[in-house]
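Coordinates from query-v8.txt are shown below (compact mmCIF, C-alpha atoms).
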```txt
# COMPACT_ATOMS: atom_id res chain seq x y z
CA MET A 730 25.76 131.70 -32.54
CA SER A 731 22.20 132.82 -33.04
CA THR A 732 20.96 135.58 -35.29
CA SER A 733 20.31 138.90 -33.58
CA LEU A 734 17.35 141.23 -33.43
CA HIS A 735 17.64 144.98 -34.02
CA HIS A 736 21.35 144.93 -34.77
CA ALA A 737 22.80 148.03 -36.48
CA GLY A 738 24.32 146.27 -39.44
CA PRO A 739 26.24 143.02 -39.44
CA PRO A 740 28.21 142.64 -36.20
CA PRO A 741 31.97 143.18 -36.65
CA GLY A 742 33.72 139.91 -37.33
CA LEU A 743 30.45 138.04 -37.94
CA THR A 744 31.44 134.49 -38.89
CA LEU A 745 29.61 131.26 -39.47
CA VAL A 746 29.65 129.18 -36.29
CA SER A 747 26.61 126.96 -36.69
CA PRO A 748 25.62 126.04 -40.25
CA GLY A 749 22.23 127.02 -41.50
CA GLU A 750 21.78 130.52 -40.07
CA ALA A 751 21.70 132.32 -43.42
CA THR A 752 19.64 129.57 -45.04
CA ALA A 753 17.21 129.76 -42.11
CA LEU A 754 16.57 133.46 -42.83
CA LEU A 755 16.08 132.69 -46.50
CA ASP A 756 13.62 129.92 -45.67
CA ALA A 757 11.80 132.15 -43.16
CA TYR A 758 11.07 134.84 -45.77
CA ARG A 759 7.38 135.46 -46.50
CA PRO A 760 5.99 137.97 -49.05
CA GLY A 761 4.05 140.90 -47.72
CA THR A 762 5.95 143.13 -45.31
CA ASP A 763 9.10 140.97 -45.05
CA ARG A 764 12.29 142.43 -46.52
CA PHE A 765 15.09 140.05 -47.46
CA LEU A 766 18.55 141.30 -48.47
CA ALA A 767 21.61 139.08 -48.89
CA SER A 768 25.09 140.24 -49.86
CA PRO A 769 28.65 138.88 -49.70
CA ARG A 770 28.90 140.56 -46.26
CA ALA A 771 25.69 139.53 -44.49
CA THR A 772 22.11 138.31 -44.75
CA LEU A 773 19.22 140.43 -43.45
CA LEU A 774 15.56 139.60 -42.83
CA GLY A 775 13.32 142.49 -41.77
CA ARG A 776 9.85 141.63 -40.53
CA GLY A 777 6.92 144.03 -40.32
CA THR A 778 6.91 147.82 -40.73
CA ALA A 779 7.60 150.15 -37.81
CA ALA A 780 7.91 153.34 -39.90
CA GLU A 781 7.96 154.32 -43.56
CA VAL A 782 10.16 156.92 -45.22
CA PRO A 783 7.80 159.65 -46.53
CA HIS A 784 7.78 161.24 -49.97
CA ASP A 785 8.03 165.02 -49.57
CA ALA A 786 10.14 168.04 -50.51
CA ARG A 787 13.02 167.29 -48.12
CA PRO A 788 16.14 165.63 -49.54
CA LEU A 789 15.86 161.85 -49.43
CA THR A 790 18.92 161.43 -47.21
CA ARG A 791 17.38 163.86 -44.69
CA ARG A 792 14.07 161.99 -44.69
CA VAL A 793 15.83 158.66 -44.10
CA GLN A 794 17.93 160.04 -41.24
CA ASP A 795 14.90 161.71 -39.64
CA VAL A 796 12.99 158.40 -39.63
CA LEU A 797 15.97 156.53 -38.17
CA ASP A 798 16.51 159.18 -35.48
CA ALA A 799 12.80 159.12 -34.58
CA ARG A 800 12.89 155.34 -34.19
CA ARG A 801 15.92 155.65 -31.91
CA ARG A 802 14.12 158.19 -29.73
CA ALA A 803 11.14 155.82 -29.62
CA GLY A 804 13.32 153.14 -28.05
CA ASP A 805 14.63 151.12 -31.00
CA PRO A 806 18.33 150.77 -30.12
CA ALA A 807 19.52 150.03 -33.65
CA PRO A 808 17.00 150.93 -36.35
CA VAL A 809 17.67 150.03 -39.98
CA VAL A 810 16.00 151.39 -43.11
CA ALA A 811 15.60 148.78 -45.86
CA GLY A 812 13.94 148.67 -49.27
CA SER A 813 14.25 150.10 -52.75
CA LEU A 814 14.49 153.40 -54.61
CA PRO A 815 13.22 153.86 -58.17
CA PHE A 816 15.18 154.83 -61.27
CA ALA A 817 13.47 158.24 -61.41
CA PRO A 818 14.91 160.36 -58.57
CA ASP A 819 11.63 162.23 -58.02
CA ALA A 820 9.47 159.10 -57.70
CA PRO A 821 8.33 157.87 -54.25
CA PRO A 822 10.74 155.63 -52.31
CA ALA A 823 9.81 152.19 -50.99
CA LEU A 824 11.86 152.36 -47.79
CA ALA A 825 10.83 151.42 -44.27
CA VAL A 826 12.18 150.56 -40.84
CA PRO A 827 11.16 146.95 -40.07
CA GLU A 828 9.69 146.12 -36.67
CA SER A 829 12.43 143.54 -36.20
CA VAL A 830 15.67 142.76 -38.02
CA ARG A 831 17.58 139.48 -37.93
CA TRP A 832 21.13 139.19 -39.24
CA ALA A 833 23.13 136.14 -40.29
CA PRO A 834 26.45 135.53 -42.03
CA PRO A 835 26.62 135.65 -45.85
CA LEU A 836 24.76 132.97 -47.76
CA HIS A 837 27.89 131.83 -49.58
CA GLN A 838 29.48 130.84 -46.24
CA ASP A 839 26.52 128.60 -45.40
CA PRO A 840 26.94 124.97 -46.55
CA LEU A 841 23.17 124.44 -46.40
CA ILE A 842 22.62 126.96 -49.23
CA ALA A 843 23.78 124.22 -51.62
CA LEU A 844 20.79 122.04 -50.80
CA PRO A 845 18.44 121.76 -53.79
CA VAL A 846 15.11 123.57 -53.89
CA PRO A 847 12.17 121.36 -54.85
CA GLU A 848 11.11 122.08 -58.40
CA GLU A 849 7.95 124.13 -58.66
CA ALA A 850 5.07 122.51 -60.48
CA PRO A 851 4.84 123.83 -64.06
CA VAL A 852 3.20 127.24 -64.00
CA GLY A 853 2.38 127.63 -67.69
CA TRP A 854 3.72 131.14 -68.15
CA ARG A 855 2.50 133.25 -71.05
CA VAL A 856 5.40 135.51 -72.15
CA ARG A 857 5.06 138.85 -73.93
CA GLU A 858 8.14 140.86 -75.00
CA VAL A 859 7.86 144.65 -74.61
CA PRO A 860 9.10 145.99 -76.92
CA ALA A 861 9.35 143.18 -79.44
CA PRO A 862 12.98 142.31 -80.32
CA GLU A 863 12.78 144.01 -83.72
CA ARG A 864 11.43 147.23 -82.16
CA TYR A 865 14.19 147.12 -79.55
CA GLY A 866 16.78 146.65 -82.32
CA GLU A 867 15.39 149.69 -84.12
CA ALA A 868 15.76 151.78 -80.95
CA VAL A 869 19.39 150.63 -80.60
CA ALA A 870 20.10 151.48 -84.26
CA ALA A 871 18.56 154.94 -83.86
CA ALA A 872 20.65 155.62 -80.74
CA VAL A 873 23.84 154.44 -82.47
CA GLU A 874 23.17 156.77 -85.39
CA ARG A 875 22.81 159.73 -83.03
CA MET A 876 25.99 158.79 -81.15
CA ARG A 877 27.97 158.53 -84.38
CA ALA A 878 26.70 162.02 -85.18
CA GLY A 879 28.22 163.20 -81.89
CA GLU A 880 25.04 163.87 -79.87
CA PHE A 881 25.99 161.75 -76.83
CA ALA A 882 28.42 159.01 -75.76
CA LYS A 883 26.27 156.21 -74.32
CA VAL A 884 22.73 155.20 -73.44
CA VAL A 885 21.40 152.12 -71.67
CA LEU A 886 18.26 150.81 -73.34
CA ALA A 887 16.10 148.21 -71.64
CA ARG A 888 13.28 145.90 -72.56
CA THR A 889 10.85 143.83 -70.51
CA LEU A 890 9.17 140.46 -70.46
CA GLU A 891 5.60 140.37 -69.17
CA LEU A 892 4.89 136.94 -67.72
CA THR A 893 1.35 135.89 -66.81
CA ALA A 894 0.37 132.58 -65.19
CA PRO A 895 -2.97 130.88 -64.49
CA ARG A 896 -2.12 130.88 -60.76
CA GLU A 897 0.04 132.94 -58.40
CA PRO A 898 3.69 131.82 -58.38
CA ASP A 899 5.50 130.58 -55.27
CA LEU A 900 7.58 133.68 -54.55
CA PRO A 901 9.56 132.28 -51.58
CA ALA A 902 10.61 129.29 -53.71
CA MET A 903 11.55 131.69 -56.51
CA LEU A 904 13.72 133.67 -54.09
CA ARG A 905 15.42 130.48 -52.88
CA ARG A 906 16.25 129.45 -56.45
CA LEU A 907 17.70 132.90 -57.19
CA ALA A 908 19.81 132.80 -54.02
CA ARG A 909 21.11 129.30 -54.66
CA ARG A 910 21.99 130.14 -58.25
CA ASP A 911 24.45 132.83 -57.09
CA PRO A 912 24.90 132.78 -53.28
CA ALA A 913 27.87 135.18 -53.51
CA GLY A 914 25.78 137.86 -55.21
CA TYR A 915 23.10 140.28 -53.98
CA THR A 916 19.69 138.63 -53.61
CA PHE A 917 16.65 140.65 -52.57
CA ALA A 918 12.88 140.62 -52.10
CA VAL A 919 11.22 143.81 -50.86
CA PRO A 920 7.70 145.25 -51.15
CA THR A 921 7.34 148.28 -53.41
CA ALA A 922 3.58 148.88 -52.99
CA PRO A 923 0.63 147.01 -51.46
CA GLY A 924 0.45 143.67 -53.26
CA ARG A 925 3.60 144.35 -55.30
CA LEU A 926 7.05 142.90 -54.75
CA LEU A 927 10.52 143.56 -56.17
CA ILE A 928 12.56 140.35 -56.36
CA GLY A 929 15.92 139.69 -57.94
CA ALA A 930 19.60 138.78 -57.78
CA SER A 931 21.89 141.66 -58.78
CA PRO A 932 25.61 141.22 -59.45
CA GLU A 933 26.43 144.90 -58.92
CA LEU A 934 27.22 146.79 -55.72
CA LEU A 935 26.54 150.50 -56.15
CA VAL A 936 28.26 151.49 -52.89
CA ALA A 937 28.80 150.25 -49.35
CA ARG A 938 29.92 152.32 -46.37
CA ARG A 939 31.37 150.84 -43.19
CA ASN A 940 33.35 152.54 -40.44
CA GLY A 941 34.33 155.54 -42.56
CA ARG A 942 35.34 153.55 -45.64
CA LEU A 943 33.53 153.03 -48.91
CA THR A 944 33.50 150.35 -51.59
CA ALA A 945 31.91 150.60 -55.03
CA ASN A 946 31.94 147.93 -57.73
CA PRO A 947 30.79 149.24 -61.12
CA LEU A 948 30.11 146.64 -63.80
CA ALA A 949 29.91 147.56 -67.48
CA GLY A 950 30.76 145.53 -70.54
CA SER A 951 29.21 142.07 -70.66
CA ALA A 952 29.27 138.77 -72.52
CA PRO A 953 26.95 135.75 -72.24
CA ARG A 954 28.50 132.65 -70.71
CA SER A 955 28.64 129.29 -72.47
CA ALA A 956 27.97 125.78 -71.16
CA ASP A 957 31.06 124.65 -73.10
CA LEU A 958 34.12 125.29 -70.90
CA ALA A 959 36.50 126.15 -73.74
CA GLU A 960 34.01 128.55 -75.31
CA ASP A 961 33.25 130.10 -71.92
CA VAL A 962 36.97 130.80 -71.36
CA ARG A 963 37.28 132.21 -74.88
CA ARG A 964 34.37 134.61 -74.27
CA ALA A 965 35.86 135.77 -70.98
CA ALA A 966 39.26 136.43 -72.58
CA ALA A 967 37.65 138.24 -75.51
CA LEU A 968 35.69 140.48 -73.15
CA LEU A 969 38.90 141.53 -71.39
CA GLU A 970 40.34 142.65 -74.75
CA SER A 971 37.19 144.08 -76.37
CA PRO A 972 37.77 147.78 -77.30
CA LYS A 973 34.01 148.41 -77.30
CA ASP A 974 33.46 146.91 -73.84
CA LEU A 975 36.62 148.41 -72.34
CA HIS A 976 35.51 151.84 -73.53
CA GLU A 977 32.02 151.32 -72.11
CA HIS A 978 33.54 150.24 -68.80
CA ALA A 979 35.98 153.15 -68.65
CA VAL A 980 33.13 155.66 -69.09
CA VAL A 981 31.37 154.20 -66.04
CA VAL A 982 34.51 154.00 -63.86
CA ASP A 983 35.43 157.60 -64.68
CA ALA A 984 31.93 158.73 -63.65
CA VAL A 985 32.17 156.78 -60.37
CA ARG A 986 35.59 158.33 -59.63
CA GLU A 987 34.28 161.82 -60.34
CA ALA A 988 31.20 161.32 -58.12
CA LEU A 989 33.04 159.81 -55.14
CA ALA A 990 36.27 161.85 -55.11
CA PRO A 991 34.72 164.92 -53.38
CA PHE A 992 33.75 162.73 -50.40
CA CYS A 993 37.14 161.08 -49.94
CA SER A 994 40.49 161.85 -48.38
CA ARG A 995 41.82 158.92 -50.41
CA LEU A 996 40.26 157.07 -53.36
CA GLU A 997 41.80 154.01 -55.00
CA VAL A 998 40.74 153.10 -58.56
CA PRO A 999 42.49 150.23 -60.38
CA THR A 1000 43.76 151.08 -63.86
CA ARG A 1001 42.29 147.99 -65.57
CA PRO A 1002 39.13 145.99 -64.95
CA THR A 1003 38.93 142.38 -63.92
CA LEU A 1004 36.26 139.79 -64.69
CA ALA A 1005 33.17 139.10 -62.59
CA ARG A 1006 30.88 136.20 -63.36
CA THR A 1007 27.35 135.12 -62.63
CA ALA A 1008 25.73 131.87 -63.70
CA ASP A 1009 24.78 133.46 -67.04
CA MET A 1010 27.09 136.42 -67.72
CA TRP A 1011 30.69 137.64 -67.71
CA HIS A 1012 31.12 141.31 -66.69
CA LEU A 1013 34.02 143.74 -66.67
CA SER A 1014 34.42 144.78 -63.03
CA THR A 1015 36.37 147.43 -61.10
CA THR A 1016 36.43 147.59 -57.29
CA VAL A 1017 36.80 151.18 -56.07
CA THR A 1018 37.73 151.80 -52.42
CA GLY A 1019 38.20 154.97 -50.41
CA ALA A 1020 38.41 156.66 -47.02
CA LEU A 1021 35.76 159.28 -46.23
CA ALA A 1022 36.94 162.80 -45.48
CA ASP A 1023 33.76 163.54 -43.48
CA PRO A 1024 32.59 160.76 -41.12
CA GLY A 1025 29.05 162.18 -41.28
CA VAL A 1026 28.61 161.15 -44.93
CA THR A 1027 26.21 158.20 -45.09
CA ALA A 1028 25.92 155.25 -47.45
CA LEU A 1029 22.83 156.84 -48.97
CA ASP A 1030 24.64 160.17 -49.46
CA LEU A 1031 27.20 158.27 -51.53
CA ALA A 1032 24.61 156.23 -53.40
CA SER A 1033 22.59 159.34 -54.25
CA ALA A 1034 25.72 161.04 -55.60
CA LEU A 1035 26.39 158.03 -57.85
CA HIS A 1036 22.86 157.34 -59.08
CA PRO A 1037 22.28 156.97 -61.95
CA THR A 1038 25.68 155.82 -63.17
CA PRO A 1039 26.37 155.52 -66.91
CA ALA A 1040 26.05 151.73 -66.39
CA VAL A 1041 22.26 152.09 -66.07
CA CYS A 1042 21.56 155.42 -67.78
CA GLY A 1043 24.25 156.80 -70.10
CA MET A 1044 26.38 159.87 -70.81
CA PRO A 1045 25.68 162.72 -70.55
CA THR A 1046 23.06 161.84 -67.95
CA GLU A 1047 20.27 164.29 -68.80
CA LEU A 1048 20.37 163.56 -72.51
CA ALA A 1049 20.53 159.82 -71.87
CA HIS A 1050 17.46 160.16 -69.63
CA SER A 1051 15.55 161.79 -72.46
CA VAL A 1052 16.63 159.11 -74.96
CA ILE A 1053 15.44 156.41 -72.54
CA ALA A 1054 12.07 158.15 -72.15
CA GLU A 1055 11.70 158.39 -75.94
CA SER A 1056 12.84 154.83 -76.65
CA GLU A 1057 11.38 152.62 -73.89
CA PRO A 1058 7.60 151.99 -74.06
CA PHE A 1059 7.29 151.36 -70.31
CA ASP A 1060 8.06 152.94 -66.93
CA ARG A 1061 11.20 151.44 -65.39
CA GLY A 1062 9.83 151.84 -61.86
CA PRO A 1063 12.39 150.26 -59.49
CA TYR A 1064 14.48 148.75 -62.30
CA THR A 1065 17.96 150.37 -62.42
CA GLY A 1066 17.23 152.15 -59.16
CA MET A 1067 18.83 150.83 -55.98
CA VAL A 1068 17.94 148.37 -53.26
CA GLY A 1069 19.58 147.96 -49.87
CA TRP A 1070 19.78 149.12 -46.27
CA GLN A 1071 21.25 151.78 -43.99
CA ASP A 1072 21.55 152.02 -40.21
CA ALA A 1073 21.32 155.08 -37.97
CA ASP A 1074 25.12 155.50 -37.97
CA GLY A 1075 25.21 155.85 -41.77
CA ASP A 1076 26.64 152.41 -42.58
CA GLY A 1077 24.89 150.41 -45.27
CA GLU A 1078 24.91 148.75 -48.67
CA TRP A 1079 23.10 149.85 -51.82
CA VAL A 1080 22.93 147.60 -54.86
CA VAL A 1081 22.02 148.43 -58.46
CA THR A 1082 18.55 147.02 -59.12
CA ILE A 1083 19.14 144.73 -62.09
CA ARG A 1084 18.38 141.04 -62.85
CA CYS A 1085 15.03 141.63 -61.24
CA ALA A 1086 11.27 141.48 -61.67
CA GLU A 1087 8.20 143.08 -60.17
CA ALA A 1088 5.62 140.54 -59.00
CA GLU A 1089 1.94 141.35 -58.62
CA GLY A 1090 -0.72 138.67 -58.38
CA ARG A 1091 -0.31 136.24 -61.26
CA SER A 1092 2.04 138.54 -63.17
CA LEU A 1093 5.77 139.14 -63.31
CA ARG A 1094 7.52 141.91 -65.22
CA LEU A 1095 11.17 141.14 -65.92
CA PHE A 1096 13.71 143.77 -66.95
CA ALA A 1097 17.03 143.66 -68.82
CA GLY A 1098 19.12 146.36 -70.45
CA ALA A 1099 22.29 146.81 -72.48
CA GLY A 1100 24.78 149.64 -72.70
CA VAL A 1101 24.65 151.11 -76.21
CA VAL A 1102 27.73 152.91 -77.55
CA ALA A 1103 28.73 153.98 -81.06
CA ALA A 1104 30.24 150.52 -81.77
CA SER A 1105 27.06 148.66 -80.77
CA THR A 1106 24.85 146.68 -83.12
CA PRO A 1107 21.15 145.86 -82.68
CA GLU A 1108 21.90 142.13 -82.85
CA THR A 1109 24.53 142.08 -80.08
CA GLU A 1110 22.55 144.28 -77.69
CA THR A 1111 19.35 142.27 -78.21
CA ALA A 1112 21.31 139.07 -77.57
CA GLU A 1113 22.81 140.60 -74.41
CA THR A 1114 19.38 141.43 -72.96
CA SER A 1115 18.17 137.91 -73.80
CA ALA A 1116 21.14 136.45 -71.90
CA LYS A 1117 20.48 138.69 -68.91
CA PHE A 1118 16.86 137.55 -68.77
CA ARG A 1119 18.07 133.98 -68.18
CA THR A 1120 18.83 134.60 -64.48
CA PHE A 1121 15.18 135.14 -63.76
CA LEU A 1122 13.67 132.89 -66.42
CA ASN A 1123 15.58 129.94 -64.97
CA ALA A 1124 14.28 130.79 -61.50
CA VAL A 1125 10.65 130.77 -62.62
CA GLY A 1126 10.80 127.90 -65.09
CA ALA A 1127 10.07 129.99 -68.19
CA ALA A 1128 11.89 130.63 -71.46
CA LEU A 1129 11.87 133.00 -74.40
```

Is it possible to give me this structure as structure tokens?
Amino acid sequence: MSTSLHHAGPPPGLTLVSPGEATALLDAYRPGTDRFLASPRATLLGRGTAAEVPHDARPLTRRVQDVLDARRRAGDPAPVVAGSLPFAPDAPPALAVPESVRWAPPLHQDPLIALPVPEEAPVGWRVREVPAPERYGEAVAAAVERMRAGEFAKVVLARTLELTAPREPDLPAMLRRLARRDPAGYTFAVPTAPGRLLIGASPELLVARRNGRLTANPLAGSAPRSADLAEDVRRAAALLESPKDLHEHAVVVDAVREALAPFCSRLEVPTRPTLARTADMWHLSTTVTGALADPGVTALDLASALHPTPAVCGMPTELAHSVIAESEPFDRGPYTGMVGWQDADGDGEWVVTIRCAEAEGRSLRLFAGAGVVAASTPETETAETSAKFRTFLNAVGAAL
């Protein structure tokens, strides 16, 4: 079976017939106007730009649908919008309809994804932490003090690593290492501006819509993994019983339920979380499923209703936003926004933009955050962000 051009989402029942299709799309990716998105359901490679989603006063979902409808009228039988949306809801989107779209089965079904990627020659990264760990710890402590005084329930505070190299990094090789590190996750590389690229491997599905059904998979509550098997199992078990992490997770799941319930004739929310793992982290995970009451509701309608969840912002949302603005000495840009795709029928997948970096020239800016609640400590939250940085640091051959 060959990959298809201009297909409106992964074909129903798409299965791996000939090995290498998904890996071929990954290997074909080139920075610039290519858009690569891989999920546990399918792998997408968009090439070129046929139309961009504008930034104006109309609601985002209306702008996206208008662009898709215009492409259909222009003769594209199955247009797809792909790209990223920033954390700030009023900031410009980075969404476009590619000139051509190729689909393949999921990477994790492809035996060739296990082939090793040649090691990149040492780049000689210079690493700068923004803010410095002690400043980040002070921001966590200040937020905890305010929460214990009853001002708010949770805030997610992030920090960045600014990496600079003497030469431009090999971004396609970086993407291949990210994909091979967690082929069952959500790997992406999409342009956000001329000369700027968003690249990453997120573990968290914000929401997917397919044939009138939705799936959301909020993650909140985390623990670093260990190379020692016994210790790794101990950390996983401890996370499942941690009152602090279970509370943090419950806040997020309740917010997801509240946001999605108005769209659904039926919504199923498990009573207790399970564990999800990446190469570097354990996460508390809940898979929410539902049937849409209105078949006209799109994936982006659902994603916009959810964003930002308490998993990336906090509770209550407006106050958490202001605490983030006061505490973080940088603009998040696309970090903790969403990245994904949607077709003209409203089906699509949107992923929370975490475990990511923005690449521009010889520079990379990495992001990592931690959910801060009243039981948090500066030491544990700083350690959590350091662990989350490892996904990307391992892919680029750098270290703290």

Show me the residues close to (30.2, 150.9, -61.3) - anything with an atom within 6 Å, counting only C-alpha atoms - and format the list as a PyMOL selection string. chain A and resi 946-948+981-982

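Distances to A:Pro788 were evaluated for A:Cys993, A:Ala1128, A:Ile1083, A:Leu1029 using all atoms listed in the file, and the minimum falls at A:Leu1029.
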
Neighbour list for A:Tyr758 as a list in words, cut-off 10 Å, only C-alpha atoms, skip fewer than 2 positions in-chain: Ala753, Leu754, Leu755, Asp756, Pro760, Gly761, Thr762, Asp763, Arg764, Phe765, Leu774, Gly775, Arg776, Leu900, Pro901, Ala902, Leu904, Arg905 and Ala918 of chain A

So that I can see what lies close to stretch 1100-1110 of chain A, please list as a list of chain:residue names the residues with an atom at most 6 Å from it, counting only C-alpha atoms and leaving out residues fewer than 5 positions away in the same chain.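 Answer for this query is A:Gly866, A:Val869, A:Ala870, A:Val873, A:Met876, A:Arg877, A:Lys883, A:Val884, A:Val885.
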
A:Ala930: which residues within 6 Å, counting all atoms listed in the file, same-chain residues fewer than 2 positions away excluded, as a VMD selection string? chain A and resid 915 to 916 1084

Name all residues at most 9 Å from A:Leu886 (count all atoms listed in the file; drop same-chain ones fewer than 3 positions away) and give them as a list in words.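 Contacts, in chain order: Tyr865, Ala868, Val869, Val1041, Cys1042, Val1052, Ile1053, Ser1056, Glu1057, Ala1097, Gly1098, Ala1099, Gly1100, Val1101 and Glu1110 of chain A.
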
Include C-alpha atoms and write out the residues we just selected as a CSV table (one decimal), in the coordinates of the input.
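Output below, filename result_6.csv:
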```
chain,number,residue,atom,x,y,z
A,865,TYR,CA,14.2,147.1,-79.6
A,868,ALA,CA,15.8,151.8,-81.0
A,869,VAL,CA,19.4,150.6,-80.6
A,1041,VAL,CA,22.3,152.1,-66.1
A,1042,CYS,CA,21.6,155.4,-67.8
A,1052,VAL,CA,16.6,159.1,-75.0
A,1053,ILE,CA,15.4,156.4,-72.5
A,1056,SER,CA,12.8,154.8,-76.6
A,1057,GLU,CA,11.4,152.6,-73.9
A,1097,ALA,CA,17.0,143.7,-68.8
A,1098,GLY,CA,19.1,146.4,-70.4
A,1099,ALA,CA,22.3,146.8,-72.5
A,1100,GLY,CA,24.8,149.6,-72.7
A,1101,VAL,CA,24.6,151.1,-76.2
A,1110,GLU,CA,22.6,144.3,-77.7
```
